[in-house]
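Below: target06.cif (mmCIF, C-alpha atoms)
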data_start
#
loop_
_atom_site.label_atom_id
_atom_site.label_comp_id
_atom_site.auth_asym_id
_atom_site.auth_seq_id
_atom_site.Cartn_x
_atom_site.Cartn_y
_atom_site.Cartn_z
CA ASP A 1 261.62 65.98 198.23
CA THR A 2 262.38 66.00 194.51
CA ALA A 3 259.85 64.06 192.42
CA VAL A 4 262.08 63.40 189.38
CA SER A 5 265.78 63.74 189.99
CA GLN A 6 268.56 63.36 187.48
CA THR A 7 272.31 63.41 187.86
CA PRO A 8 274.60 64.96 186.98
CA LYS A 9 273.13 68.40 186.32
CA TYR A 10 276.12 69.45 184.27
CA LEU A 11 278.47 67.28 182.25
CA VAL A 12 281.43 68.51 180.22
CA THR A 13 283.42 65.92 178.32
CA GLN A 14 285.59 65.30 175.29
CA MET A 15 284.50 63.83 171.97
CA GLY A 16 284.75 60.07 171.91
CA ASN A 17 284.14 59.58 175.62
CA ASP A 18 281.31 57.51 177.11
CA LYS A 19 279.01 59.03 179.72
CA SER A 20 275.87 58.18 181.66
CA ILE A 21 272.99 60.18 183.07
CA LYS A 22 270.86 58.73 185.82
CA CYS A 23 267.21 59.40 186.59
CA GLU A 24 265.00 58.42 189.49
CA GLN A 25 261.37 59.19 190.23
CA ASN A 26 259.64 58.77 193.59
CA LEU A 27 256.11 59.36 192.32
CA GLY A 28 255.23 55.70 191.82
CA HIS A 29 254.70 56.30 188.10
CA ASP A 30 254.84 53.41 185.65
CA THR A 31 256.26 55.25 182.63
CA MET A 32 259.53 57.14 182.22
CA TYR A 33 260.95 59.12 179.31
CA TRP A 34 264.12 60.69 178.00
CA TYR A 35 263.82 63.91 176.01
CA LYS A 36 266.56 65.88 174.26
CA GLN A 37 266.28 69.68 174.12
CA ASP A 38 268.49 71.39 171.59
CA SER A 39 269.78 74.96 171.57
CA LYS A 40 266.56 76.15 169.93
CA LYS A 41 264.56 74.69 172.84
CA PHE A 42 262.99 72.02 170.64
CA LEU A 43 262.01 68.96 172.69
CA LYS A 44 262.52 65.59 171.06
CA ILE A 45 261.38 62.31 172.57
CA MET A 46 264.12 59.72 172.61
CA PHE A 47 262.89 56.77 174.64
CA SER A 48 260.05 55.71 176.87
CA TYR A 49 259.77 52.78 179.26
CA ASN A 50 256.60 51.41 180.80
CA ASN A 51 257.16 49.12 183.76
CA LYS A 52 260.76 48.52 182.63
CA GLU A 53 259.70 47.68 179.07
CA LEU A 54 260.80 49.84 176.14
CA ILE A 55 257.71 51.23 174.42
CA ILE A 56 259.01 54.23 172.49
CA ASN A 57 262.31 54.17 170.67
CA GLU A 58 262.57 57.08 168.30
CA THR A 59 265.20 57.45 165.61
CA VAL A 60 268.18 57.88 167.84
CA PRO A 61 271.76 56.75 167.11
CA ASN A 62 272.49 53.39 168.65
CA ARG A 63 275.27 55.07 170.61
CA PHE A 64 272.42 55.99 172.98
CA SER A 65 271.30 53.12 175.17
CA PRO A 66 268.63 53.44 177.83
CA LYS A 67 268.38 51.08 180.74
CA SER A 68 265.59 50.69 183.27
CA PRO A 69 266.56 48.48 186.22
CA ASP A 70 263.15 49.05 187.79
CA LYS A 71 260.18 51.27 187.11
CA ALA A 72 261.54 54.05 189.33
CA HIS A 73 264.82 54.38 187.43
CA LEU A 74 265.74 55.12 183.85
CA ASN A 75 269.35 55.71 182.94
CA LEU A 76 270.85 56.91 179.67
CA HIS A 77 274.26 55.78 178.49
CA ILE A 78 275.95 57.49 175.56
CA ASN A 79 278.94 55.94 173.78
CA SER A 80 281.48 57.72 171.62
CA LEU A 81 280.15 61.20 172.27
CA GLU A 82 279.96 63.62 169.34
CA LEU A 83 279.74 67.41 169.21
CA GLY A 84 276.10 67.17 168.11
CA ASP A 85 275.19 65.38 171.30
CA SER A 86 275.58 68.64 173.20
CA ALA A 87 272.12 69.43 174.55
CA VAL A 88 270.01 69.36 177.67
CA TYR A 89 268.61 65.92 178.41
CA PHE A 90 265.39 65.73 180.41
CA CYS A 91 264.02 62.76 182.22
CA ALA A 92 260.26 62.68 182.83
CA SER A 93 257.68 60.34 184.27
CA SER A 94 253.93 59.85 184.07
CA GLN A 95 251.26 57.47 185.21
CA THR A 96 249.33 55.83 182.43
CA GLY A 97 245.73 54.95 182.93
CA GLY A 98 242.52 54.19 181.18
CA GLY A 99 241.02 56.55 178.71
CA ARG A 100 242.49 58.56 175.94
CA GLY A 101 245.88 59.56 177.19
CA ALA A 102 248.57 59.40 179.74
CA GLY A 103 248.58 61.57 182.79
CA GLU A 104 250.65 64.65 183.31
CA LEU A 105 254.38 64.54 182.60
CA PHE A 106 256.67 65.39 185.49
CA PHE A 107 260.11 66.58 184.44
CA GLY A 108 263.48 66.52 186.08
CA GLU A 109 265.61 69.66 186.06
CA GLY A 110 267.70 68.50 183.15
CA SER A 111 271.28 67.45 182.54
CA ARG A 112 273.27 69.84 180.40
CA LEU A 113 275.79 67.90 178.33
CA THR A 114 278.60 69.78 176.63
CA VAL A 115 280.87 67.85 174.29
CA LEU A 116 284.17 69.56 173.45
CA ALA B 1 248.55 61.54 163.45
CA GLN B 2 248.95 63.88 166.36
CA SER B 3 250.80 67.19 166.30
CA VAL B 4 250.90 70.62 167.84
CA THR B 5 251.66 73.95 166.19
CA GLN B 6 252.62 77.00 168.19
CA LEU B 7 252.32 80.22 166.21
CA GLY B 8 255.03 82.70 167.07
CA SER B 9 258.34 81.49 168.43
CA HIS B 10 258.81 84.82 170.24
CA VAL B 11 256.17 87.01 171.85
CA SER B 12 256.83 90.31 173.63
CA VAL B 13 254.33 92.07 175.83
CA SER B 14 254.47 95.01 178.19
CA GLU B 15 254.11 94.43 181.89
CA GLY B 16 250.39 94.53 182.71
CA ALA B 17 249.30 93.75 179.16
CA LEU B 18 247.35 90.73 177.96
CA VAL B 19 249.35 87.59 177.23
CA LEU B 20 248.13 85.42 174.35
CA LEU B 21 250.13 82.37 173.25
CA ARG B 22 248.66 80.39 170.40
CA CYS B 23 248.44 76.62 170.04
CA ASN B 24 246.66 74.56 167.41
CA TYR B 25 246.53 70.79 167.50
CA SER B 26 245.87 67.92 165.20
CA SER B 27 244.57 64.69 166.63
CA SER B 28 242.74 61.71 165.23
CA VAL B 29 241.05 61.12 168.58
CA PRO B 30 239.78 63.51 171.24
CA PRO B 31 242.98 64.81 172.81
CA TYR B 32 244.33 65.64 176.18
CA LEU B 33 246.06 69.02 175.93
CA PHE B 34 248.66 70.64 178.14
CA TRP B 35 250.59 73.86 178.56
CA TYR B 36 253.99 73.66 180.20
CA VAL B 37 256.31 76.50 181.26
CA GLN B 38 260.10 76.35 181.37
CA TYR B 39 261.98 78.99 183.33
CA PRO B 40 265.68 79.49 182.52
CA ASN B 41 267.86 76.54 183.45
CA GLN B 42 264.94 74.57 184.81
CA GLY B 43 262.78 71.65 183.76
CA LEU B 44 259.26 71.98 182.42
CA GLN B 45 256.38 72.34 184.83
CA LEU B 46 252.70 72.02 184.19
CA LEU B 47 250.66 75.21 183.85
CA LEU B 48 247.33 73.61 183.06
CA LYS B 49 245.69 70.69 181.28
CA TYR B 50 242.50 69.90 179.39
CA THR B 51 241.09 66.42 179.85
CA SER B 52 237.59 66.78 178.35
CA ALA B 53 235.86 68.33 181.33
CA ALA B 54 235.32 72.10 181.22
CA THR B 55 236.52 73.74 178.02
CA LEU B 56 237.91 76.73 179.93
CA VAL B 57 240.79 75.52 182.04
CA LYS B 58 242.39 77.56 184.79
CA GLY B 59 245.98 76.97 185.72
CA ILE B 60 248.65 78.30 188.01
CA ASN B 61 249.92 81.90 188.13
CA GLY B 62 246.72 83.34 186.66
CA PHE B 63 246.95 81.54 183.31
CA GLU B 64 244.00 79.96 181.57
CA ALA B 65 243.31 78.25 178.25
CA GLU B 66 240.20 77.52 176.28
CA PHE B 67 239.69 74.34 174.28
CA LYS B 68 237.90 75.11 171.02
CA LYS B 69 237.17 71.96 169.09
CA SER B 70 235.81 73.80 166.04
CA GLU B 71 239.08 75.72 165.72
CA THR B 72 241.31 72.88 166.98
CA SER B 73 242.90 75.44 169.27
CA PHE B 74 244.04 75.63 172.87
CA HIS B 75 245.37 79.18 173.26
CA LEU B 76 246.94 80.27 176.55
CA THR B 77 246.02 83.63 178.05
CA LYS B 78 246.74 85.78 181.07
CA PRO B 79 244.98 89.12 181.59
CA SER B 80 247.99 90.97 182.97
CA ALA B 81 251.62 90.01 182.35
CA HIS B 82 254.11 90.06 185.16
CA MET B 83 257.88 90.21 184.83
CA SER B 84 258.10 86.75 186.37
CA ASP B 85 256.12 85.30 183.44
CA ALA B 86 259.13 85.61 181.15
CA ALA B 87 259.87 82.03 180.16
CA GLU B 88 259.50 79.44 177.41
CA TYR B 89 256.01 78.01 176.98
CA PHE B 90 255.20 74.66 175.39
CA CYS B 91 251.88 73.30 174.23
CA ALA B 92 251.53 69.52 174.13
CA VAL B 93 248.99 66.90 173.08
CA THR B 94 248.99 63.35 174.32
CA VAL B 95 247.50 60.17 172.99
CA GLY B 96 248.34 56.96 174.79
CA ASN B 97 251.85 57.10 176.23
CA GLN B 98 253.13 59.55 173.64
CA PHE B 99 253.39 63.30 174.26
CA TYR B 100 253.75 65.59 171.25
CA PHE B 101 255.26 68.99 172.05
CA GLY B 102 255.10 72.19 170.08
CA THR B 103 258.28 74.06 169.22
CA GLY B 104 257.81 76.48 172.09
CA THR B 105 257.11 80.19 172.43
CA SER B 106 259.53 82.44 174.24
CA LEU B 107 257.70 85.13 176.20
CA THR B 108 259.46 88.41 176.95
CA VAL B 109 257.87 90.87 179.34
CA ILE B 110 258.92 94.50 178.87
CA PRO B 111 258.91 96.70 181.96
#

What would the structure in this file look like if it were written as structure tokens?
Amino acid sequence: DTAVSQTPKYLVTQMGNDKSIKCEQNLGHDTMYWYKQDSKKFLKIMFSYNNKELIINETVPNRFSPKSPDKAHLNLHINSLELGDSAVYFCASSQTGGGRGAGELFFGEGSRLTVL
Amino acid sequence: AQSVTQLGSHVSVSEGALVLLRCNYSSSVPPYLFWYVQYPNQGLQLLLKYTSAATLVKGINGFEAEFKKSETSFHLTKPSAHMSDAAEYFCAVTVGNQFYFGTGTSLTVIP
């Protein structure tokens, strides 16, 4: 039973199109994230939601819009896709708690987006 | 400010040799520290984590890491490399809800 699942796993599309990636976690975690991994494997945080509330919103083009219908789901919609959007997008979740930091991050398997 | 520096974007070792992947952190508060591994075409999975208990942390697949506050380091080691250890390794520090990842180290194991 997959803990963090994201769909689709592969996405090939033309420039200018709009696409969405969906993410669901069944771990009961209260915080979800979207990361972008570029071709050099660098991981960049894009967004984070805690109990459906946006808490991290890094410098990302406003063509990217996250949406969290409930704390188990975090979707990513991308408008007007550009070549530079080609990357692997990872969804992750964690359970925040008291103390100095959040708990462990659990990652999905990634969604590889290719923009032609 | 929090950050992580991984020295060496590529490390090659012979099968059976010691694996040493370096990670230094910067944190304004006592950190939680993590090592994650990413196998080809997969997501990241946790190898081990330091949460202020024992400074020597043992993880999965024979890996361990030692938290050294005086050196602000959290290097990852494995006594004997196996072919299956070839992967990308990420060090991360977390404060609050924010995780800060290093740029990754690609480990190659030579038969």

Output as CSV one row per residue of chain B within 12 Å of chain A: the closest atom pair and its distance in Å to one decimal place, counting only C-alpha atoms, sorted by chain and residue number ascending.
residue,atom,partner,partner_atom,distance
B:Gln6,CA,A:Phe42,CA,11.8
B:Ser9,CA,A:Lys40,CA,9.9
B:His10,CA,A:Lys40,CA,11.6
B:Ser27,CA,A:Arg100,CA,11.3
B:Ser28,CA,A:Arg100,CA,11.2
B:Val29,CA,A:Arg100,CA,7.9
B:Pro30,CA,A:Arg100,CA,7.3
B:Pro31,CA,A:Arg100,CA,7.0
B:Tyr32,CA,A:Gly101,CA,6.4
B:Leu33,CA,A:Gly101,CA,9.5
B:Phe34,CA,A:Glu104,CA,8.2
B:Trp35,CA,A:Glu104,CA,10.4
B:Tyr36,CA,A:Leu105,CA,9.4
B:Val37,CA,A:Phe107,CA,11.1
B:Gln38,CA,A:Lys41,CA,9.8
B:Tyr39,CA,A:Glu109,CA,10.4
B:Pro40,CA,A:Glu109,CA,10.4
B:Asn41,CA,A:Glu109,CA,7.7
B:Gln42,CA,A:Glu109,CA,5.1
B:Gly43,CA,A:Glu109,CA,4.2
B:Leu44,CA,A:Phe107,CA,5.8
B:Gln45,CA,A:Phe107,CA,6.9
B:Leu46,CA,A:Glu104,CA,7.7
B:Leu47,CA,A:Glu104,CA,10.6
B:Leu48,CA,A:Glu104,CA,9.6
B:Lys49,CA,A:Glu104,CA,8.1
B:Tyr50,CA,A:Glu104,CA,10.5
B:Thr51,CA,A:Gly101,CA,8.8
B:Ser52,CA,A:Arg100,CA,9.9
B:Ala87,CA,A:Lys41,CA,11.4
B:Glu88,CA,A:Lys41,CA,8.3
B:Tyr89,CA,A:Lys41,CA,10.1
B:Phe90,CA,A:Leu43,CA,9.3
B:Cys91,CA,A:Leu43,CA,11.1
B:Ala92,CA,A:Leu105,CA,10.2
B:Val93,CA,A:Gly101,CA,9.0
B:Thr94,CA,A:Gly101,CA,5.7
B:Val95,CA,A:Gly101,CA,4.5
B:Gly96,CA,A:Gly101,CA,4.3
B:Asn97,CA,A:Ala102,CA,5.3
B:Gln98,CA,A:Ala102,CA,7.6
B:Phe99,CA,A:Ile45,CA,8.2
B:Tyr100,CA,A:Ile45,CA,8.4
B:Phe101,CA,A:Leu43,CA,6.8
B:Gly102,CA,A:Phe42,CA,7.9
B:Thr103,CA,A:Phe42,CA,5.3
B:Gly104,CA,A:Phe42,CA,7.0
B:Thr105,CA,A:Lys41,CA,9.3
B:Ser106,CA,A:Lys41,CA,9.3

Got a sec to resolve the PyMOL selection byres ((chain A and resi 58) around 8) on this structure and send the residues as a list in words? Ile45, Met46, Phe47, Ile56, Asn57, Thr59 and Val60 of chain A

For this file, the PyMOL selection byres ((chain B and resi 62) around 9) selects which residues, as a list in words?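 With the shown file as input, the PyMOL selection byres ((chain B and resi 62) around 9) matches Lys58, Gly59, Ile60, Asn61, Phe63, Glu64, Thr77, Lys78, Pro79 and Ser80 of chain B.
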
Atomic separation - CA of Val19 in chain B relative to CA of Ala81 in chain B, Å: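 Distance reported for this atom pair: 6.1 Å.
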
Taking the file as I've supplied it (selection: the PyMOL selection byres ((chain B and resi 14) around 7)), which residues are included? Please answer as a ChimeraX atom specification. /B:12-13,15-17,109-111

Restricting the output to C-alpha atoms, write the selected residues as an mmCIF file, in the frame of the given file.
data_model
loop_
_atom_site.group_PDB
_atom_site.id
_atom_site.type_symbol
_atom_site.label_atom_id
_atom_site.label_comp_id
_atom_site.auth_asym_id
_atom_site.auth_seq_id
_atom_site.Cartn_x
_atom_site.Cartn_y
_atom_site.Cartn_z
ATOM 1 C CA SER B 12 256.830 90.310 173.630
ATOM 2 C CA VAL B 13 254.330 92.070 175.830
ATOM 3 C CA GLU B 15 254.110 94.430 181.890
ATOM 4 C CA GLY B 16 250.390 94.530 182.710
ATOM 5 C CA ALA B 17 249.300 93.750 179.160
ATOM 6 C CA VAL B 109 257.870 90.870 179.340
ATOM 7 C CA ILE B 110 258.920 94.500 178.870
ATOM 8 C CA PRO B 111 258.910 96.700 181.960
#

Would you mind telling me which residue in B:Val11, B:Leu107, B:Ala1, B:Cys23 lies nearest to Met83 in chain B when using all atoms listed in the file? B:Leu107

When you look at Asn51 in chain A with a cut-off of 8 Å (counting all atoms listed in the file), what residues show up, excluding the ones that are within fewer than 3 positions of it in the same chain? I need them as a VMD selection string. chain A and resid 30 to 31 70 to 71

Could the centre and edge lengths of an axis-aligned box, enclosing all atoms of range 64-68 of chain A in the file with 4 Å extra on each side, be given in Å to one decimal as AutoDock Vina command-line options?
--center_x 269.0 --center_y 53.3 --center_z 178.1 --size_x 14.8 --size_y 13.3 --size_z 18.3

Have a look at CA of Ala72 in chain A and CA of Gly28 in chain A and let me know their distance in Å, one decimal.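 CA of Gly28 in chain A lies 7.0 Å from CA of Ala72 in chain A.
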
One decimal, in Å: what's the spacing between CA of Val12 in chain A and CA of Asn26 in chain A? 27.4 Å

When you count all atoms listed in the file, which of these residues is closest to Ala87 in chain A: A:Lys22, A:Lys9, A:His29, A:Lys36?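 Between A:Lys22, A:Lys9, A:His29, A:Lys36, the residue approaching Ala87 in chain A most closely is A:Lys36.
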
Contacts of range 55-57 of chain B within 6 Å, all atoms listed in the file, excl. fewer than 3 positions in-chain, as a list of chain:residue names: B:Glu64, B:Ala65, B:Glu66, B:Phe67

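Nearest-residue note for Gln37 in chain A: choosing from A:Leu74, A:Leu54, A:Leu113, A:Val4, the minimum distance belongs to A:Leu113, counting only C-alpha atoms.
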